[in-house]
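Printed here is upload09.cif (mmCIF, C-alpha atoms):
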```
data_query
#
loop_
_atom_site.label_atom_id
_atom_site.label_comp_id
_atom_site.auth_asym_id
_atom_site.auth_seq_id
_atom_site.Cartn_x
_atom_site.Cartn_y
_atom_site.Cartn_z
CA MET A 1 102.86 31.06 56.01
CA LYS A 2 101.62 34.27 57.62
CA ASN A 3 101.11 34.61 61.36
CA ASN A 4 97.72 33.13 62.22
CA THR A 5 95.50 34.31 65.05
CA LEU A 6 93.94 31.39 66.92
CA ALA A 7 91.86 33.46 69.34
CA THR A 8 91.21 37.11 70.15
CA GLU A 9 89.69 38.89 73.13
CA THR A 10 88.96 42.61 73.13
CA PHE A 11 87.75 45.15 75.65
CA SER A 12 87.52 48.93 75.81
CA ASN A 13 87.63 51.55 78.49
CA ARG A 14 86.70 55.02 77.29
CA ASN A 15 89.11 55.87 74.44
CA MET A 16 91.45 52.94 75.14
CA HIS A 17 90.97 49.66 73.34
CA TYR A 18 92.78 46.43 74.21
CA PHE A 19 93.32 43.43 71.96
CA LEU A 20 94.63 40.12 73.30
CA ASP A 21 95.65 37.83 70.44
CA PHE A 22 96.83 34.23 70.74
CA LYS A 23 98.85 33.62 67.60
CA VAL A 24 100.95 30.99 65.83
CA ALA A 25 104.20 32.16 64.22
CA GLU A 26 105.66 30.84 60.96
CA ASN A 27 107.87 28.43 62.93
CA ASN A 28 104.70 26.98 64.60
CA SER A 29 105.52 28.48 68.01
CA ASN A 30 102.76 30.21 69.93
CA TYR A 31 102.78 33.73 71.27
CA ILE A 32 100.45 36.28 72.81
CA ARG A 33 100.29 39.81 71.49
CA ILE A 34 98.74 42.47 73.71
CA THR A 35 97.86 45.67 71.88
CA ARG A 36 96.60 48.89 73.40
CA SER A 37 95.10 51.39 70.98
CA ASP A 38 94.45 54.92 72.31
CA GLN A 39 92.13 57.17 70.35
CA GLN A 40 93.54 60.69 70.05
CA PRO A 41 91.53 63.95 70.00
CA ASP A 42 92.02 64.11 66.22
CA GLN A 43 90.37 60.63 65.97
CA SER A 44 93.67 58.93 65.06
CA TYR A 45 95.06 56.06 67.13
CA VAL A 46 98.36 55.47 68.87
CA ARG A 47 99.14 51.78 69.37
CA SER A 48 101.55 50.02 71.67
CA GLN A 49 102.22 46.29 71.80
CA VAL A 50 103.78 43.68 74.02
CA VAL A 51 104.58 40.19 72.78
CA VAL A 52 104.98 37.22 75.12
CA PHE A 53 106.43 34.05 73.63
CA GLU A 54 105.26 30.54 74.46
CA GLU A 55 108.27 29.69 76.61
CA ASP A 56 107.34 32.62 78.89
CA PHE A 57 103.59 31.90 79.29
CA TYR A 58 104.13 30.11 82.59
CA PHE A 59 106.11 33.05 83.96
CA LEU A 60 103.47 35.54 82.81
CA ILE A 61 100.69 33.58 84.52
CA GLN A 62 102.76 33.22 87.70
CA ALA A 63 103.55 36.95 87.65
CA PHE A 64 99.85 37.87 87.32
CA ALA A 65 98.90 35.42 90.09
CA SER A 66 101.57 36.83 92.37
CA LEU A 67 100.59 40.41 91.56
CA PHE A 68 96.90 39.86 92.36
CA LYS A 69 97.71 37.84 95.46
CA ARG A 70 99.93 40.62 96.80
CA VAL A 71 97.24 43.23 96.23
CA ILE A 72 94.54 41.16 97.92
CA TYR A 73 96.68 40.13 100.88
CA ARG A 74 98.94 43.17 101.28
CA GLY A 75 100.10 43.63 104.84
CA GLN A 76 99.43 39.99 105.72
CA LYS A 77 101.91 37.17 106.13
CA GLU A 78 102.49 34.63 103.34
CA VAL A 79 99.28 33.02 102.09
CA GLY A 80 99.09 29.51 100.60
CA VAL A 81 96.90 28.13 97.84
CA GLN A 82 94.48 26.50 100.32
CA GLN A 83 93.97 29.83 102.14
CA LEU A 84 93.32 31.57 98.80
CA ARG A 85 90.70 28.93 97.92
CA GLU A 86 89.00 29.23 101.31
CA ALA A 87 88.99 33.04 101.11
CA ARG A 88 87.43 32.86 97.64
CA LEU A 89 84.72 30.46 98.84
CA GLU A 90 83.89 32.71 101.82
CA HIS A 91 82.93 35.49 99.42
CA LEU A 92 80.61 33.27 97.41
CA LYS A 93 77.05 32.77 98.58
CA GLY A 94 74.82 29.75 98.48
CA ILE A 95 75.90 26.42 97.12
CA LYS A 96 78.71 28.05 95.12
CA GLY A 97 80.26 28.97 98.45
CA MET A 98 80.44 25.32 99.46
CA ALA A 99 83.50 23.19 98.76
CA PRO A 100 82.89 21.42 95.42
CA GLU A 101 82.90 17.95 96.99
CA LEU A 102 80.04 19.00 99.30
CA ARG A 103 77.75 20.43 96.61
CA PRO A 104 74.77 18.15 95.93
CA ARG A 105 75.14 17.92 92.15
CA GLU A 106 78.88 17.25 92.28
CA LYS A 107 78.39 14.78 95.14
CA LEU A 108 75.74 12.92 93.13
CA LEU A 109 78.00 12.76 90.09
CA ALA A 110 80.99 11.56 92.11
CA ARG A 111 79.32 9.16 94.55
CA GLY A 112 75.81 8.45 93.29
CA ALA A 113 72.36 9.60 94.42
CA TYR A 114 72.35 7.16 97.36
CA ALA A 115 75.20 9.20 98.98
CA LEU A 116 72.99 12.31 99.32
CA SER A 117 70.90 13.18 102.35
CA HIS A 118 67.16 13.74 101.94
CA GLY A 119 67.78 17.50 102.21
CA GLU A 120 70.43 17.38 99.47
CA LEU A 121 68.08 15.46 97.17
CA MET A 122 65.41 18.05 97.88
CA ALA A 123 67.94 20.80 97.06
CA LEU A 124 68.47 19.30 93.61
CA LEU A 125 64.71 19.38 93.02
CA ILE A 126 64.21 22.98 94.15
CA GLY A 127 67.36 24.26 92.46
CA SER A 128 68.04 27.42 94.45
CA GLY A 129 67.51 29.02 97.79
CA VAL A 130 67.17 32.65 98.79
CA SER A 131 69.68 35.28 99.90
CA ASP A 132 70.12 33.98 103.45
CA LEU A 133 69.32 30.31 102.86
CA ASN A 134 70.89 28.06 100.22
CA ALA A 135 69.00 25.23 98.54
CA VAL A 136 70.54 22.57 100.81
CA GLU A 137 69.46 24.45 103.92
CA LEU A 138 65.98 25.02 102.48
CA GLY A 139 65.68 21.36 101.51
CA GLY A 140 66.83 20.40 105.00
CA GLN A 141 64.17 22.62 106.59
CA ILE A 142 61.44 21.05 104.50
CA MET A 143 62.61 17.55 105.35
CA ALA A 144 62.97 18.40 109.07
CA SER A 145 59.36 19.62 109.08
CA ILE A 146 58.21 16.11 108.14
CA GLY A 147 60.56 14.28 110.48
CA ASP A 148 63.13 13.65 107.72
CA ASP A 149 60.79 10.99 106.34
CA PRO A 150 60.60 11.13 102.50
CA GLY A 151 57.38 9.09 102.62
CA ARG A 152 55.63 12.01 104.28
CA LEU A 153 56.31 14.24 101.25
CA ALA A 154 53.19 12.64 99.77
CA PHE A 155 51.08 14.48 102.35
CA LEU A 156 52.36 17.95 101.42
CA ASP A 157 50.59 20.28 99.03
CA VAL A 158 51.58 23.52 97.30
CA ASP A 159 50.16 25.70 100.07
CA ARG A 160 52.14 23.88 102.76
CA LEU A 161 55.36 24.03 100.74
CA LYS A 162 54.88 27.74 100.02
CA LEU A 163 55.08 28.41 103.78
CA PHE A 164 58.85 27.92 103.53
CA LYS A 165 60.82 31.05 102.65
CA GLY A 166 62.05 30.63 99.08
CA MET A 167 59.42 28.12 98.02
CA GLY A 168 57.06 29.48 95.42
CA VAL A 169 54.58 27.76 93.15
CA ALA A 170 57.22 26.56 90.63
CA LYS A 171 59.51 24.93 93.21
CA SER A 172 56.55 23.46 95.09
CA CYS A 173 55.21 21.96 91.87
CA ALA A 174 58.64 20.45 91.08
CA VAL A 175 58.68 18.69 94.45
CA LEU A 176 55.11 17.44 94.06
CA ALA A 177 55.85 16.23 90.52
CA ALA A 178 58.79 14.19 91.83
CA VAL A 179 56.56 12.71 94.54
CA GLU A 180 53.93 11.78 91.93
CA LEU A 181 56.55 10.21 89.64
CA SER A 182 57.80 8.05 92.51
CA ARG A 183 54.21 7.00 93.31
CA ARG A 184 53.67 5.99 89.69
CA MET A 185 57.00 4.17 89.58
CA TYR A 186 56.03 1.96 92.47
CA GLY A 187 52.33 1.76 91.66
CA PHE A 188 51.03 3.51 94.79
#
```
How would this structure read if it were set down as C-alpha coordinates?
Amino acid sequence: MKNNTLATETFSNRNMHYFLDFKVAENNSNYIRITRSDQQPDQSYVRSQVVVFEEDFYFLIQAFASLFKRVIYRGQKEVGVQQLREARLEHLKGIKGMAPELRPREKLLARGAYALSHGELMALLIGSGVSDLNAVELGGQIMASIGDDPGRLAFLDVDRLKLFKGMGVAKSCAVLAAVELSRRMYGF
(Lines of atoms letter the chains of each structure in order from A and count residues from 1; the text may use other names and numbers.)
(Lines give C-alpha, C1' and ligand atoms only; values in the text may rest on other atoms or scores of the structure.)
Protein backbone atom coordinates (compact mmCIF):
# COMPACT_ATOMS: atom_id res chain seq x y z
CA MET A 1 0.00 0.00 0.00
CA LYS A 2 1.38 3.42 -0.95
CA ASN A 3 1.20 6.40 1.38
CA ASN A 4 -2.26 7.95 1.03
CA THR A 5 -3.04 11.63 1.46
CA LEU A 6 -6.24 12.17 3.43
CA ALA A 7 -6.28 15.96 3.20
CA THR A 8 -4.17 18.76 1.75
CA GLU A 9 -4.03 22.50 2.34
CA THR A 10 -1.91 24.83 0.21
CA PHE A 11 -1.00 28.49 0.26
CA SER A 12 1.51 30.69 -1.52
CA ASN A 13 3.41 33.84 -0.74
CA ARG A 14 5.22 35.32 -3.72
CA ASN A 15 7.58 32.59 -5.02
CA MET A 16 7.13 30.34 -1.97
CA HIS A 17 4.50 27.63 -1.98
CA TYR A 18 3.47 25.61 1.08
CA PHE A 19 1.77 22.23 1.12
CA LEU A 20 0.33 20.74 4.31
CA ASP A 21 -0.52 17.07 3.81
CA PHE A 22 -2.25 14.79 6.31
CA LYS A 23 -1.20 11.29 5.29
CA VAL A 24 -1.56 7.64 6.27
CA ALA A 25 1.59 5.49 6.14
CA GLU A 26 1.75 1.84 5.10
CA ASN A 27 1.56 0.79 8.77
CA ASN A 28 -1.73 2.79 9.12
CA SER A 29 -0.14 5.47 11.30
CA ASN A 30 -0.90 9.11 10.53
CA TYR A 31 1.59 11.85 9.86
CA ILE A 32 1.72 15.42 8.63
CA ARG A 33 4.13 16.46 5.92
CA ILE A 34 4.88 20.16 5.52
CA THR A 35 6.56 21.04 2.24
CA ARG A 36 7.93 24.40 1.21
CA SER A 37 8.69 24.82 -2.48
CA ASP A 38 10.71 27.91 -3.50
CA GLN A 39 10.69 28.94 -7.14
CA GLN A 40 14.18 29.86 -8.33
CA PRO A 41 15.08 32.56 -10.90
CA ASP A 42 15.60 29.81 -13.50
CA GLN A 43 11.97 28.66 -12.84
CA SER A 44 13.11 25.47 -11.08
CA TYR A 45 12.02 24.67 -7.52
CA VAL A 46 13.91 23.86 -4.35
CA ARG A 47 11.83 21.87 -1.86
CA SER A 48 12.25 21.28 1.84
CA GLN A 49 10.08 19.08 4.02
CA VAL A 50 9.29 18.43 7.65
CA VAL A 51 7.40 15.35 8.79
CA VAL A 52 5.55 15.19 12.11
CA PHE A 53 4.35 11.77 13.23
CA GLU A 54 1.03 11.09 14.91
CA GLU A 55 2.51 10.58 18.37
CA ASP A 56 3.89 14.14 18.20
CA PHE A 57 0.72 15.95 16.98
CA TYR A 58 -0.21 16.99 20.51
CA PHE A 59 3.24 18.45 21.10
CA LEU A 60 3.17 20.32 17.77
CA ILE A 61 -0.22 21.87 18.59
CA GLN A 62 0.93 22.80 22.10
CA ALA A 63 4.13 24.32 20.69
CA PHE A 64 2.18 26.46 18.19
CA ALA A 65 -0.27 27.56 20.90
CA SER A 66 2.58 28.48 23.22
CA LEU A 67 4.43 30.31 20.46
CA PHE A 68 1.43 32.45 19.49
CA LYS A 69 0.52 33.09 23.11
CA ARG A 70 4.03 34.33 23.85
CA VAL A 71 3.99 36.68 20.89
CA ILE A 72 0.59 38.13 21.77
CA TYR A 73 1.32 38.52 25.47
CA ARG A 74 5.06 39.23 25.45
CA GLY A 75 6.14 41.31 28.40
CA GLN A 76 3.08 40.34 30.44
CA LYS A 77 2.82 37.88 33.29
CA GLU A 78 1.48 34.35 32.74
CA VAL A 79 -1.90 34.29 31.00
CA GLY A 80 -4.49 31.53 31.48
CA VAL A 81 -6.98 30.04 29.03
CA GLN A 82 -9.87 32.12 30.43
CA GLN A 83 -7.90 35.36 29.93
CA LEU A 84 -7.08 34.32 26.35
CA ARG A 85 -10.78 33.68 25.66
CA GLU A 86 -11.82 37.01 27.17
CA ALA A 87 -9.13 38.88 25.21
CA ARG A 88 -10.31 37.22 21.99
CA LEU A 89 -13.93 38.16 22.67
CA GLU A 90 -12.97 41.79 23.38
CA HIS A 91 -11.64 42.10 19.84
CA LEU A 92 -14.82 40.75 18.27
CA LYS A 93 -17.70 43.10 17.62
CA GLY A 94 -21.41 42.59 17.87
CA ILE A 95 -22.99 39.36 18.99
CA LYS A 96 -19.82 37.42 18.13
CA GLY A 97 -18.13 39.38 20.90
CA MET A 98 -20.61 38.07 23.45
CA ALA A 99 -19.94 34.92 25.45
CA PRO A 100 -21.57 32.02 23.54
CA GLU A 101 -24.05 31.26 26.34
CA LEU A 102 -25.36 34.85 26.13
CA ARG A 103 -25.92 34.93 22.35
CA PRO A 104 -29.63 34.80 21.47
CA ARG A 105 -29.46 31.91 19.00
CA GLU A 106 -27.30 29.74 21.26
CA LYS A 107 -29.45 30.65 24.26
CA LEU A 108 -32.60 29.66 22.37
CA LEU A 109 -31.07 26.34 21.34
CA ALA A 110 -29.84 25.56 24.85
CA ARG A 111 -32.76 26.82 26.95
CA GLY A 112 -35.72 27.38 24.64
CA ALA A 113 -37.35 30.51 23.22
CA TYR A 114 -39.14 31.25 26.52
CA ALA A 115 -35.72 31.97 28.14
CA LEU A 116 -35.08 34.95 25.83
CA SER A 117 -35.99 38.54 26.61
CA HIS A 118 -38.22 40.47 24.21
CA GLY A 119 -35.12 42.31 22.93
CA GLU A 120 -33.30 39.02 22.29
CA LEU A 121 -36.28 37.65 20.36
CA MET A 122 -36.33 40.85 18.34
CA ALA A 123 -32.58 40.44 17.69
CA LEU A 124 -33.22 37.03 16.13
CA LEU A 125 -35.80 38.58 13.81
CA ILE A 126 -33.63 41.50 12.69
CA GLY A 127 -30.47 39.41 12.40
CA SER A 128 -27.78 42.08 12.69
CA GLY A 129 -27.08 45.47 14.12
CA VAL A 130 -24.77 48.22 12.97
CA SER A 131 -21.15 49.07 13.77
CA ASP A 132 -21.82 50.59 17.20
CA LEU A 133 -24.97 48.67 18.11
CA ASN A 134 -25.42 44.90 18.01
CA ALA A 135 -28.73 43.23 17.19
CA VAL A 136 -29.56 42.60 20.86
CA GLU A 137 -29.04 46.26 21.72
CA LEU A 138 -31.07 47.35 18.69
CA GLY A 139 -33.86 44.92 19.56
CA GLY A 140 -33.78 46.21 23.13
CA GLN A 141 -34.12 49.82 21.93
CA ILE A 142 -37.13 48.96 19.81
CA MET A 143 -38.79 47.10 22.66
CA ALA A 144 -38.00 49.91 25.15
CA SER A 145 -39.68 52.40 22.81
CA ILE A 146 -42.96 50.50 23.22
CA GLY A 147 -42.64 49.94 26.95
CA ASP A 148 -41.22 46.41 26.49
CA ASP A 149 -44.74 45.27 25.59
CA PRO A 150 -44.71 42.83 22.62
CA GLY A 151 -48.43 43.48 22.09
CA ARG A 152 -47.62 47.03 21.06
CA LEU A 153 -45.52 45.79 18.13
CA ALA A 154 -48.82 45.53 16.27
CA PHE A 155 -49.05 49.34 16.24
CA LEU A 156 -45.67 49.87 14.55
CA ASP A 157 -45.23 50.36 10.83
CA VAL A 158 -42.21 50.37 8.52
CA ASP A 159 -41.71 54.13 8.82
CA ARG A 160 -41.65 54.00 12.62
CA LEU A 161 -39.24 51.06 12.66
CA LYS A 162 -36.94 52.76 10.14
CA LEU A 163 -36.39 55.57 12.67
CA PHE A 164 -34.06 53.22 14.58
CA LYS A 165 -30.44 53.26 13.42
CA GLY A 166 -29.82 49.97 11.61
CA MET A 167 -33.43 49.27 10.74
CA GLY A 168 -34.09 49.42 7.03
CA VAL A 169 -37.02 48.23 4.96
CA ALA A 170 -35.96 44.54 4.98
CA LYS A 171 -35.54 44.27 8.76
CA SER A 172 -38.71 46.29 9.38
CA CYS A 173 -40.66 44.00 7.07
CA ALA A 174 -39.30 40.92 8.90
CA VAL A 175 -40.57 42.28 12.22
CA LEU A 176 -43.97 43.18 10.76
CA ALA A 177 -44.25 39.75 9.11
CA ALA A 178 -43.64 38.07 12.49
CA VAL A 179 -46.31 40.28 14.06
CA GLU A 180 -48.77 39.36 11.31
CA LEU A 181 -48.01 35.64 11.66
CA SER A 182 -48.69 35.82 15.40
CA ARG A 183 -51.99 37.65 14.71
CA ARG A 184 -53.03 34.93 12.28
CA MET A 185 -51.96 32.20 14.69
CA TYR A 186 -54.26 33.51 17.37
CA GLY A 187 -57.00 34.74 15.06
CA PHE A 188 -56.73 38.45 15.88
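All protein, DNA and RNA residues at most 12 Å from (80.3, 21.5, 99.9) are Glu86, Leu89, Glu90, Lys93, Gly94, Ile95, Lys96, Gly97, Met98, Ala99, Pro100, Glu101, Leu102, Arg103, Pro104, Arg105, Glu106, Lys107, Leu108, Leu116, Glu120, Asn134, Ala135, Val136 and Glu137 of chain A, using only C-alpha atoms.
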Once the PyMOL selection byres ((chain A and resi 31) around 7) has been evaluated on this model, what residues remain selected, and can you format them as a VMD selection string?
chain A and resid 22 to 24 29 to 30 32 to 33 51 to 54
To verify the selection step, state as an MDAnalysis selection string which residues the PyMOL selection byres ((chain A and resi 165) around 12) yields on this input.
chainID A and resid 128:135 137:139 141:142 160:164 166:169 171:172
Rounded to one decimal place, report the atom CA of Asp42 of chain A-atom CA of Glu9 of chain A distance in Å.
26.3 Å
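For the atom pair formed by atom CA of His17 of chain A and atom CA of Asp38 of chain A, the distance is 6.4 Å, given to one decimal.
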